[in-house]
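Novice: The following block contains the structure, expressed as structure tokens.
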Amino acid sequence: MTIWPEAQAEHLDTEGFSTVDMTINVGPQHPATHGVFRMVLTVDGELVTSCVPYIGYLHRGLEKLSEANDYRQAMGFWDRTDYLAGLLCEQAYCMAVEKLANIEVPERAEYIRVMLAELSRISSHFMFLGAFGADVGSFGTSFVYAFRERERIYDLFEEVSGDRMFPTYLRPGGVAMDLPENFEKRCREVVGNIYQGLEDLDGLLTGNEIFVERCRRLAPMTTERAINWGVTGPVLRSTGLAWDVRKAEPYSIYPQVKFDIPTGVEGDIFDRFFVRLSEAYQSAKIIEQCLDQIPDGPVLNPGLPKNLRIDNAEAYARIEGSKGEYGVYAMARGGNKAYRMKLRSPSFCNLSALSEMIVGHYVADAVLILGSLDIVLGEVDK
Amino acid sequence: MTQEQAAPAYPGTAALVHAALPGVPFAATETKTDVDLRVAPANLLALVEGLKAHQDLAFDYLRNIVGLDMLEDGLWVKYQFYSFKHGHALQVTVATPPGNPHVPTLTGLYAGANWHEREAAEMFGLVFDGHPNPRNLLLEDDLRIHPLLKAHPLQPIEIVQGIEEGKAGFEF
């Protein structure tokens with residue numbers, strides 16, 4: 001004789017202890033979503049059983065506007081996509097136009113672009129380190145540390161281009177003007193501060209046992225799944241695949257500088273964090289090498305017409321953005337405007353894998369998993 | 001190669017594809033950055049399945065999907081692929097006939113195709129047959145306009161700014 005006959009146990013299981021699924025709406029106005037992003041979570045107790053993301057709250061019609069404005073005017077919209085690293089977006093846009101029209105870029109301009117692009121990448125990673133620390137619960141300390149460093153980088157951008165976040169400093173064919181005279185001295189100061197700031201954050205976060213325990217082995221992703229979802233950037237590298245557009249399909253002057261590709265092992269949240277932290281060190285090294293190697297010469301191709309007209313051509317320019325592969329598909333069919341411009345946004349592709357990552361985890365971790373993707377809604381929504 | 005010789009029918013990666021998948025007809029050209037294969041919508045799935053599965057091709061990464069409004073030539077879709085194993089890239093173009101913008105979905109092969117296809121569908125009115133969730137992505141759920149079509153107007157900024165007469169915004 002059994003104490004709990006099977007039929008009775010089944011009855012208990014289905015009716016005695018059943019829980020009711022609850023739907024939780026997060027966003028679009030919510031500090032943890034890092035912008036205007038909304039997700040609807042269905043939870044069973046504390047476990048997430050489904051996650052439906054909604055995007056488009058920041059859709060500004062980038063692609064339509066790029067078709068309606070000529071090649072110079074349209075660039076202003078592009079650094080407003082990934083607004084944490086505007087110069088990287090400008091670089092991708094300019095590369096696309098240069099490929100369409102076969103425009104040569106002077107070497108000095110390439111060096112300037114790479115230095116500023118790497119500074120943008122560091123600034124974007126600082127934003128992540130600060131905000132992610134706040135997500136995990138280090139309250140404001142990491143945030144303030146990170147913002148102090150970003151502020152110095154933005155000051156440097158302002159000295160170079162006149163603007164902090166949206167410099168619109170690059171041009172198809174080069175950059176708008178040469179660097180200020182004291183740039184090298186100022187840049188070395190800033191890079192020194194970056195090393196110090198990264199060490200501070202490293203000690204504050206990686207040296208914090210609570211932080212590490214919270215992040216280790218949370219939401220790991222395999223390389224196969226990451227590739228299937230089209231996930232790129234630090235999230236892909238955290239799974240152990242050392243793939244970086246700067247090395248895999250080299251552009252600009254990246255073949256002339258030495259740097260490593262930091263990778264993770266398990267693809268969990270801690271690895272994503274640590275890959276970004278290590279990457280910022282590598283970017284600082286690239287900037288130092290550029291400062292040593294930068295040649296003199298013109299910074300803008302002198303043979304360019306004022307109003308660029310491009311015949312039938314198409315190109316897909318890609319760079320390693322701060323969040324992953326930032327691609328610009330461009331098609332020209334005569335005239336001074338692009339026929340079609342399409343942004344392949346890394347945040348967009350990384351975010352599409354979110355629901356698979358979140359399901360099966362606790363609600364409290366959902367915010368962390370979202371934060372670990374380091375999305376920028378300007379880039380997701382175009 | 002001398003000037004007299006014509007451009008090869010299958011440049012670069014296209015020769016690999018032709019050798020690996022002789023049964024799939026396509027026309028190959030070169031863009032400024034990649035090799036472009038043009039296939040009929042009916043052959044797309046066979047081609048992409050081969051691109052992904054074949055040892056020598058191994059295009060395991062779908063980078064991007066681009067919708068295009070080519071006016072009287074109908075709506076086009078462009079796919080950009082990359083292979084992590086071999087490090088080569090490829091672009092595939094599918095031209096749908098005017099009035100019949102149907103393309104098979106690639107979500108069964110690449111999970112990442114999901115959002116790209118939803119975006120192309122809402123922006124151009126393309127239909128990805130078999131898509132598991134064909135709702136609007138960036139636009140409002142119930143908005144049935146296709147803003148990236150060339151026929152869709154863009155209002156002059158002067159009206160929005162109030163410099164010129166006119167009502168700002170459109171009515172749908």
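So you can find residues: chains in the structure tokens are A, B, ... in the order shown, residues in each start at 1, and ligands are numbered from 1 in order.
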Hey, what's within 12 Å of Ile153 of chain A if we count only C-alpha atoms and toss same-chain stuff fewer than 3 positions away? As number ranges by chain, please?
Specialist: A: 84-85, 115-124, 126-127, 146-150, 156-160, 163-165, 186-194, 197, 284
Novice: Could you write out the selected residues, including N, CA and C atoms, as a CSV table (one decimal), in the first residue's frame?
Specialist:
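Listing of part_16.csv after writing:
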```csv
chain,number,residue,atom,x,y,z
A,84,LEU,N,26.3,56.9,-27.7
A,84,LEU,CA,27.4,56.9,-26.7
A,84,LEU,C,28.7,56.8,-27.4
A,85,ALA,N,28.7,56.5,-28.6
A,85,ALA,CA,30.0,56.4,-29.4
A,85,ALA,C,29.8,57.0,-30.8
A,115,MET,N,41.9,57.1,-33.6
A,115,MET,CA,42.1,57.6,-32.2
A,115,MET,C,40.8,58.0,-31.6
A,116,LEU,N,40.0,58.8,-32.3
A,116,LEU,CA,38.8,59.3,-31.8
A,116,LEU,C,37.7,58.1,-31.7
A,117,ALA,N,37.8,57.2,-32.6
A,117,ALA,CA,36.9,56.1,-32.6
A,117,ALA,C,37.2,55.2,-31.3
A,118,GLU,N,38.5,55.0,-31.0
A,118,GLU,CA,38.8,54.2,-29.9
A,118,GLU,C,38.4,55.0,-28.6
A,119,LEU,N,38.6,56.3,-28.6
A,119,LEU,CA,38.2,57.0,-27.4
A,119,LEU,C,36.7,56.9,-27.2
A,120,SER,N,35.9,56.9,-28.3
A,120,SER,CA,34.5,56.7,-28.2
A,120,SER,C,34.2,55.3,-27.7
A,121,ARG,N,34.9,54.3,-28.1
A,121,ARG,CA,34.6,53.0,-27.6
A,121,ARG,C,34.9,52.9,-26.1
A,122,ILE,N,36.0,53.6,-25.7
A,122,ILE,CA,36.3,53.5,-24.3
A,122,ILE,C,35.1,54.3,-23.5
A,123,SER,N,34.7,55.4,-24.1
A,123,SER,CA,33.7,56.1,-23.4
A,123,SER,C,32.4,55.3,-23.3
A,124,SER,N,32.1,54.6,-24.4
A,124,SER,CA,30.9,53.7,-24.3
A,124,SER,C,31.0,52.6,-23.3
A,126,PHE,N,32.9,52.7,-20.7
A,126,PHE,CA,32.8,53.3,-19.3
A,126,PHE,C,31.3,53.4,-18.9
A,127,MET,N,30.5,53.9,-19.9
A,127,MET,CA,29.1,54.0,-19.6
A,127,MET,C,28.5,52.6,-19.2
A,146,ALA,N,32.7,56.1,-13.4
A,146,ALA,CA,32.7,56.0,-14.9
A,146,ALA,C,32.4,57.4,-15.5
A,147,PHE,N,31.5,58.1,-14.9
A,147,PHE,CA,31.1,59.4,-15.5
A,147,PHE,C,32.3,60.4,-15.4
A,148,ARG,N,33.1,60.3,-14.4
A,148,ARG,CA,34.2,61.2,-14.3
A,148,ARG,C,35.1,61.0,-15.4
A,149,GLU,N,35.4,59.7,-15.8
A,149,GLU,CA,36.3,59.4,-16.9
A,149,GLU,C,35.7,59.8,-18.3
A,150,ARG,N,34.4,59.6,-18.4
A,150,ARG,CA,33.7,59.9,-19.7
A,150,ARG,C,33.8,61.4,-19.9
A,156,LEU,N,37.8,66.3,-24.3
A,156,LEU,CA,38.8,66.2,-25.4
A,156,LEU,C,38.1,66.3,-26.8
A,157,PHE,N,36.9,65.6,-26.9
A,157,PHE,CA,36.1,65.7,-28.1
A,157,PHE,C,35.8,67.2,-28.4
A,158,GLU,N,35.4,67.9,-27.3
A,158,GLU,CA,35.0,69.2,-27.5
A,158,GLU,C,36.1,70.1,-28.0
A,159,GLU,N,37.3,69.8,-27.5
A,159,GLU,CA,38.5,70.6,-27.9
A,159,GLU,C,38.8,70.3,-29.4
A,160,VAL,N,38.6,69.1,-29.8
A,160,VAL,CA,38.9,68.7,-31.2
A,160,VAL,C,37.8,69.2,-32.2
A,163,ASP,N,32.1,69.8,-30.3
A,163,ASP,CA,30.9,69.2,-29.7
A,163,ASP,C,31.3,68.0,-28.9
A,164,ARG,N,30.5,67.7,-27.9
A,164,ARG,CA,30.8,66.6,-27.0
A,164,ARG,C,30.3,65.2,-27.4
A,165,MET,N,29.0,65.1,-27.6
A,165,MET,CA,28.5,63.8,-28.0
A,165,MET,C,28.3,63.6,-29.4
A,186,ARG,N,47.4,66.6,-24.5
A,186,ARG,CA,46.1,66.4,-23.8
A,186,ARG,C,45.6,65.0,-23.9
A,187,CYS,N,45.8,64.4,-25.1
A,187,CYS,CA,45.4,63.0,-25.3
A,187,CYS,C,46.1,62.0,-24.4
A,188,ARG,N,47.4,62.3,-24.2
A,188,ARG,CA,48.2,61.4,-23.3
A,188,ARG,C,47.7,61.5,-21.9
A,189,GLU,N,47.4,62.7,-21.5
A,189,GLU,CA,46.8,63.0,-20.2
A,189,GLU,C,45.5,62.1,-20.0
A,190,VAL,N,44.7,62.3,-21.0
A,190,VAL,CA,43.4,61.6,-20.9
A,190,VAL,C,43.6,60.1,-20.9
A,191,VAL,N,44.5,59.6,-21.7
A,191,VAL,CA,44.7,58.1,-21.7
A,191,VAL,C,45.3,57.6,-20.4
A,192,GLY,N,46.2,58.5,-19.8
A,192,GLY,CA,46.6,58.1,-18.4
A,192,GLY,C,45.5,58.0,-17.5
A,193,ASN,N,44.6,59.0,-17.6
A,193,ASN,CA,43.4,59.0,-16.7
A,193,ASN,C,42.5,57.8,-16.9
A,194,ILE,N,42.5,57.4,-18.2
A,194,ILE,CA,41.6,56.2,-18.6
A,194,ILE,C,42.2,54.9,-17.9
A,197,GLY,N,41.3,55.1,-14.3
A,197,GLY,CA,39.8,54.9,-14.1
A,197,GLY,C,39.4,53.5,-14.3
A,284,ALA,N,42.9,51.8,-25.3
A,284,ALA,CA,43.9,52.8,-24.8
A,284,ALA,C,45.2,52.5,-25.4
```
Novice: With only C-alpha atoms considered, list every residue of chain A at most 7 Å from chain B, as a ChimeraX atom specification.
Specialist: /A:55-56,59,64,99-100,227-230,313-316,342,344,349,352,381
Novice: Go ahead and save the residues from that selection, with C-alpha atoms, as a short mmCIF file (atom, residue, chain, number, x, y, z; two decimals), in the first residue's frame.
Specialist:
```cif
data_model
loop_
_atom_site.label_atom_id
_atom_site.label_comp_id
_atom_site.auth_asym_id
_atom_site.auth_seq_id
_atom_site.Cartn_x
_atom_site.Cartn_y
_atom_site.Cartn_z
CA ILE A 55 11.00 48.42 -29.49
CA GLY A 56 10.49 51.42 -31.73
CA HIS A 59 12.35 55.42 -34.13
CA LYS A 64 14.28 57.67 -44.81
CA LYS A 99 33.44 52.89 -50.84
CA LEU A 100 30.55 53.94 -53.08
CA ILE A 227 26.15 32.97 -34.05
CA ASN A 228 22.66 31.73 -34.89
CA TRP A 229 21.16 34.88 -33.40
CA GLY A 230 23.67 37.12 -35.17
CA ALA A 313 27.06 51.50 -56.88
CA GLU A 314 26.39 49.54 -53.75
CA ALA A 315 28.52 48.71 -50.75
CA TYR A 316 28.23 47.21 -47.31
CA LYS A 342 20.45 50.68 -44.16
CA ARG A 344 22.91 46.97 -39.45
CA CYS A 349 20.65 42.05 -33.29
CA SER A 352 16.68 40.14 -30.49
CA ASP A 381 15.25 51.93 -33.09
#
```
Novice: What residues in chain B get the DSSP label strand (DSSP E or B)? Please answer as a VMD selection string.
Specialist: chain B and resid 27 to 30 35 to 39 61 to 69 75 to 82 89 to 95 102 to 104 127 to 129
Novice: Write the residues of the selection above to a file with C-alpha atoms, as a short mmCIF file (atom, residue, chain, number, x, y, z; two decimals), in the first residue's frame.
Specialist:
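Result file is selection36.cif:
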```
data_model
loop_
_atom_site.label_atom_id
_atom_site.label_comp_id
_atom_site.auth_asym_id
_atom_site.auth_seq_id
_atom_site.Cartn_x
_atom_site.Cartn_y
_atom_site.Cartn_z
CA ALA B 27 23.78 35.28 -61.55
CA ALA B 28 26.87 36.71 -59.90
CA THR B 29 28.14 40.28 -59.88
CA GLU B 30 30.46 42.26 -57.67
CA VAL B 35 30.21 39.33 -54.29
CA ASP B 36 26.51 39.49 -55.03
CA LEU B 37 24.42 36.47 -56.05
CA ARG B 38 21.05 37.07 -57.62
CA VAL B 39 18.48 34.30 -57.26
CA TYR B 61 26.23 34.13 -39.78
CA LEU B 62 23.42 36.16 -41.30
CA ARG B 63 24.61 39.73 -40.86
CA ASN B 64 21.87 41.81 -42.26
CA ILE B 65 18.69 41.89 -44.32
CA VAL B 66 18.00 44.93 -46.47
CA GLY B 67 14.69 45.72 -48.10
CA LEU B 68 14.76 47.82 -51.25
CA ASP B 69 12.10 49.58 -53.29
CA LEU B 75 10.71 45.07 -54.15
CA TRP B 76 14.13 43.52 -53.56
CA VAL B 77 15.64 41.88 -50.55
CA LYS B 78 19.36 41.69 -49.92
CA TYR B 79 20.97 39.32 -47.46
CA GLN B 80 24.53 39.64 -46.22
CA PHE B 81 26.25 36.47 -45.03
CA TYR B 82 29.57 35.76 -43.41
CA ALA B 89 31.42 37.19 -47.03
CA LEU B 90 28.60 37.08 -49.55
CA GLN B 91 25.56 39.07 -50.54
CA VAL B 92 22.41 37.48 -51.92
CA THR B 93 19.81 39.48 -53.80
CA VAL B 94 16.23 38.37 -54.32
CA ALA B 95 14.04 40.40 -56.67
CA HIS B 102 6.60 37.15 -51.31
CA VAL B 103 9.90 35.75 -50.03
CA PRO B 104 10.37 32.60 -47.93
CA VAL B 127 5.72 39.28 -47.00
CA PHE B 128 8.04 36.68 -45.51
CA ASP B 129 6.12 33.43 -45.95
#
```
Novice: So how many Å separate atom CA of Glu98 of chain A and atom CA of Arg246 of chain A, to one decimal?
Specialist: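 If I compute the distance from atom CA of Glu98 of chain A to atom CA of Arg246 of chain A, I get 17.8 Å.
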Novice: So how many Å separate atom CA of Glu184 of chain A and atom CA of Ala248 of chain A, to one decimal?
Specialist: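 Distance reported for this atom pair: 29.5 Å.
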Novice: Please provide the set of residues having any atom within 12 Å of Asp292 of chain A, restricted to only C-alpha atoms, with same-chain residues fewer than 2 positions apart removed, written as number ranges by chain.
Specialist: A: 111, 115, 184-185, 187-188, 256-257, 285-290, 294-296
Novice: Using only C-alpha atoms, which protein or nucleic acid residues come within 9 Å of Val235 of chain A? Drop anything in the same chain fewer than 6 positions from it, and give the result as a CSV table (one decimal) with N, CA and C atoms, in the first residue's frame.
Specialist:
```csv
chain,number,residue,atom,x,y,z
A,221,MET,N,25.8,31.8,-22.6
A,221,MET,CA,25.3,31.6,-24.0
A,221,MET,C,26.5,30.8,-24.7
A,226,ALA,N,24.9,32.1,-30.1
A,226,ALA,CA,25.2,33.5,-30.4
A,226,ALA,C,25.3,33.7,-31.9
A,267,GLY,N,30.6,32.7,-21.6
A,267,GLY,CA,29.6,33.5,-22.2
A,267,GLY,C,28.6,34.0,-21.2
A,268,ASP,N,28.9,33.9,-19.9
A,268,ASP,CA,27.9,34.4,-18.9
A,268,ASP,C,28.1,35.9,-18.7
A,269,ILE,N,27.3,36.5,-17.8
A,269,ILE,CA,27.3,37.9,-17.7
A,269,ILE,C,28.6,38.5,-17.2
A,271,ASP,N,31.5,37.3,-17.9
A,271,ASP,CA,32.5,37.3,-19.0
A,271,ASP,C,32.2,38.5,-19.9
A,272,ARG,N,30.9,38.8,-20.1
A,272,ARG,CA,30.6,40.0,-20.9
A,272,ARG,C,31.2,41.3,-20.3
A,273,PHE,N,31.0,41.4,-19.0
A,273,PHE,CA,31.5,42.5,-18.3
A,273,PHE,C,33.1,42.6,-18.4
A,275,VAL,N,35.1,41.1,-20.6
A,275,VAL,CA,35.6,41.4,-22.0
A,275,VAL,C,35.6,42.9,-22.3
A,276,ARG,N,34.5,43.6,-21.9
A,276,ARG,CA,34.4,45.0,-22.1
A,276,ARG,C,35.5,45.7,-21.4
A,323,LYS,N,29.3,48.1,-29.7
A,323,LYS,CA,28.4,47.0,-29.3
A,323,LYS,C,28.6,45.8,-30.2
A,324,GLY,N,29.3,45.9,-31.3
A,324,GLY,CA,29.4,44.8,-32.2
A,324,GLY,C,29.6,45.3,-33.6
A,350,ASN,N,21.7,42.1,-31.1
A,350,ASN,CA,21.9,41.5,-29.8
A,350,ASN,C,20.7,41.4,-28.9
A,372,SER,N,23.6,43.5,-19.4
A,372,SER,CA,24.8,42.9,-19.8
A,372,SER,C,24.9,43.0,-21.3
A,373,LEU,N,23.8,43.2,-22.0
A,373,LEU,CA,23.8,43.3,-23.5
A,373,LEU,C,24.3,44.7,-23.9
```
Novice: Write out as a PDB file with C-alpha atoms, in the first residue's frame all residues of segment 179-304 of chain A that backbone DSSP assigns to alpha helix (DSSP H).
Specialist:
```pdb
ATOM      1  CA  PHE A 183      46.278  67.446 -28.825  1.00  0.00           C
ATOM      2  CA  GLU A 184      49.069  64.961 -28.207  1.00  0.00           C
ATOM      3  CA  LYS A 185      49.744  66.283 -24.713  1.00  0.00           C
ATOM      4  CA  ARG A 186      46.060  66.411 -23.819  1.00  0.00           C
ATOM      5  CA  CYS A 187      45.360  62.994 -25.287  1.00  0.00           C
ATOM      6  CA  ARG A 188      48.185  61.372 -23.343  1.00  0.00           C
ATOM      7  CA  GLU A 189      46.801  62.962 -20.184  1.00  0.00           C
ATOM      8  CA  VAL A 190      43.364  61.569 -20.922  1.00  0.00           C
ATOM      9  CA  VAL A 191      44.729  58.109 -21.724  1.00  0.00           C
ATOM     10  CA  GLY A 192      46.640  58.120 -18.440  1.00  0.00           C
ATOM     11  CA  ASN A 193      43.415  58.966 -16.668  1.00  0.00           C
ATOM     12  CA  ILE A 194      41.631  56.185 -18.554  1.00  0.00           C
ATOM     13  CA  TYR A 195      44.113  53.594 -17.278  1.00  0.00           C
ATOM     14  CA  GLN A 196      43.610  54.886 -13.760  1.00  0.00           C
ATOM     15  CA  GLY A 197      39.829  54.919 -14.144  1.00  0.00           C
ATOM     16  CA  LEU A 198      39.769  51.371 -15.488  1.00  0.00           C
ATOM     17  CA  GLU A 199      41.898  50.224 -12.577  1.00  0.00           C
ATOM     18  CA  ASP A 200      39.513  51.938 -10.169  1.00  0.00           C
ATOM     19  CA  LEU A 201      36.495  50.250 -11.703  1.00  0.00           C
ATOM     20  CA  GLU A 209      32.935  39.300  -4.250  1.00  0.00           C
ATOM     21  CA  ILE A 210      29.208  40.059  -4.168  1.00  0.00           C
ATOM     22  CA  PHE A 211      29.352  41.443  -7.699  1.00  0.00           C
ATOM     23  CA  VAL A 212      31.305  38.468  -8.998  1.00  0.00           C
ATOM     24  CA  GLU A 213      29.072  35.907  -7.300  1.00  0.00           C
ATOM     25  CA  ARG A 214      25.997  37.615  -8.669  1.00  0.00           C
ATOM     26  CA  CYS A 215      27.270  37.565 -12.249  1.00  0.00           C
ATOM     27  CA  THR A 223      28.978  30.269 -29.356  1.00  0.00           C
ATOM     28  CA  GLU A 224      26.586  28.338 -31.617  1.00  0.00           C
ATOM     29  CA  ARG A 225      23.511  30.090 -30.261  1.00  0.00           C
ATOM     30  CA  ALA A 226      25.230  33.473 -30.409  1.00  0.00           C
ATOM     31  CA  ILE A 227      26.147  32.972 -34.051  1.00  0.00           C
ATOM     32  CA  ASN A 228      22.657  31.725 -34.889  1.00  0.00           C
ATOM     33  CA  TRP A 229      21.164  34.882 -33.401  1.00  0.00           C
ATOM     34  CA  PRO A 234      31.700  41.732 -26.672  1.00  0.00           C
ATOM     35  CA  VAL A 235      28.725  39.394 -26.161  1.00  0.00           C
ATOM     36  CA  LEU A 236      29.982  37.070 -28.910  1.00  0.00           C
ATOM     37  CA  ARG A 237      33.572  37.319 -27.720  1.00  0.00           C
ATOM     38  CA  VAL A 245      35.853  43.096 -37.418  1.00  0.00           C
ATOM     39  CA  ARG A 246      39.045  45.072 -36.845  1.00  0.00           C
ATOM     40  CA  LYS A 247      41.018  41.827 -37.224  1.00  0.00           C
ATOM     41  CA  ALA A 248      38.728  39.641 -39.335  1.00  0.00           C
ATOM     42  CA  ILE A 269      27.276  37.901 -17.665  1.00  0.00           C
ATOM     43  CA  PHE A 270      30.558  38.202 -15.841  1.00  0.00           C
ATOM     44  CA  ASP A 271      32.457  37.321 -19.016  1.00  0.00           C
ATOM     45  CA  ARG A 272      30.603  40.003 -20.948  1.00  0.00           C
ATOM     46  CA  PHE A 273      31.534  42.525 -18.303  1.00  0.00           C
ATOM     47  CA  PHE A 274      35.135  41.436 -18.185  1.00  0.00           C
ATOM     48  CA  VAL A 275      35.558  41.372 -21.971  1.00  0.00           C
ATOM     49  CA  ARG A 276      34.449  45.005 -22.136  1.00  0.00           C
ATOM     50  CA  LEU A 277      36.754  46.007 -19.316  1.00  0.00           C
ATOM     51  CA  SER A 278      39.727  44.313 -21.007  1.00  0.00           C
ATOM     52  CA  GLU A 279      38.786  45.750 -24.371  1.00  0.00           C
ATOM     53  CA  ALA A 280      38.971  49.281 -23.027  1.00  0.00           C
ATOM     54  CA  TYR A 281      42.613  48.657 -22.046  1.00  0.00           C
ATOM     55  CA  GLN A 282      43.340  47.465 -25.578  1.00  0.00           C
ATOM     56  CA  SER A 283      41.697  50.566 -27.033  1.00  0.00           C
ATOM     57  CA  ALA A 284      43.876  52.777 -24.846  1.00  0.00           C
ATOM     58  CA  LYS A 285      46.926  50.931 -26.171  1.00  0.00           C
ATOM     59  CA  ILE A 286      45.778  51.553 -29.747  1.00  0.00           C
ATOM     60  CA  ILE A 287      45.469  55.270 -29.035  1.00  0.00           C
ATOM     61  CA  GLU A 288      48.996  55.414 -27.632  1.00  0.00           C
ATOM     62  CA  GLN A 289      50.389  53.659 -30.696  1.00  0.00           C
ATOM     63  CA  CYS A 290      48.502  56.046 -32.970  1.00  0.00           C
ATOM     64  CA  LEU A 291      49.945  59.033 -31.138  1.00  0.00           C
ATOM     65  CA  ASP A 292      53.439  57.618 -31.723  1.00  0.00           C
ATOM     66  CA  GLN A 293      52.879  56.790 -35.380  1.00  0.00           C
TER      67      GLN A 293
END
```
Novice: Would you list the contacts of Pro97 of chain B as a PyMOL selection string, taking every protein, DNA or RNA residue within 10 Å and counting only C-alpha atoms, but skipping same-chain residues closer than 6 positions in sequence?
Specialist: chain B and resi 40-41+72-76
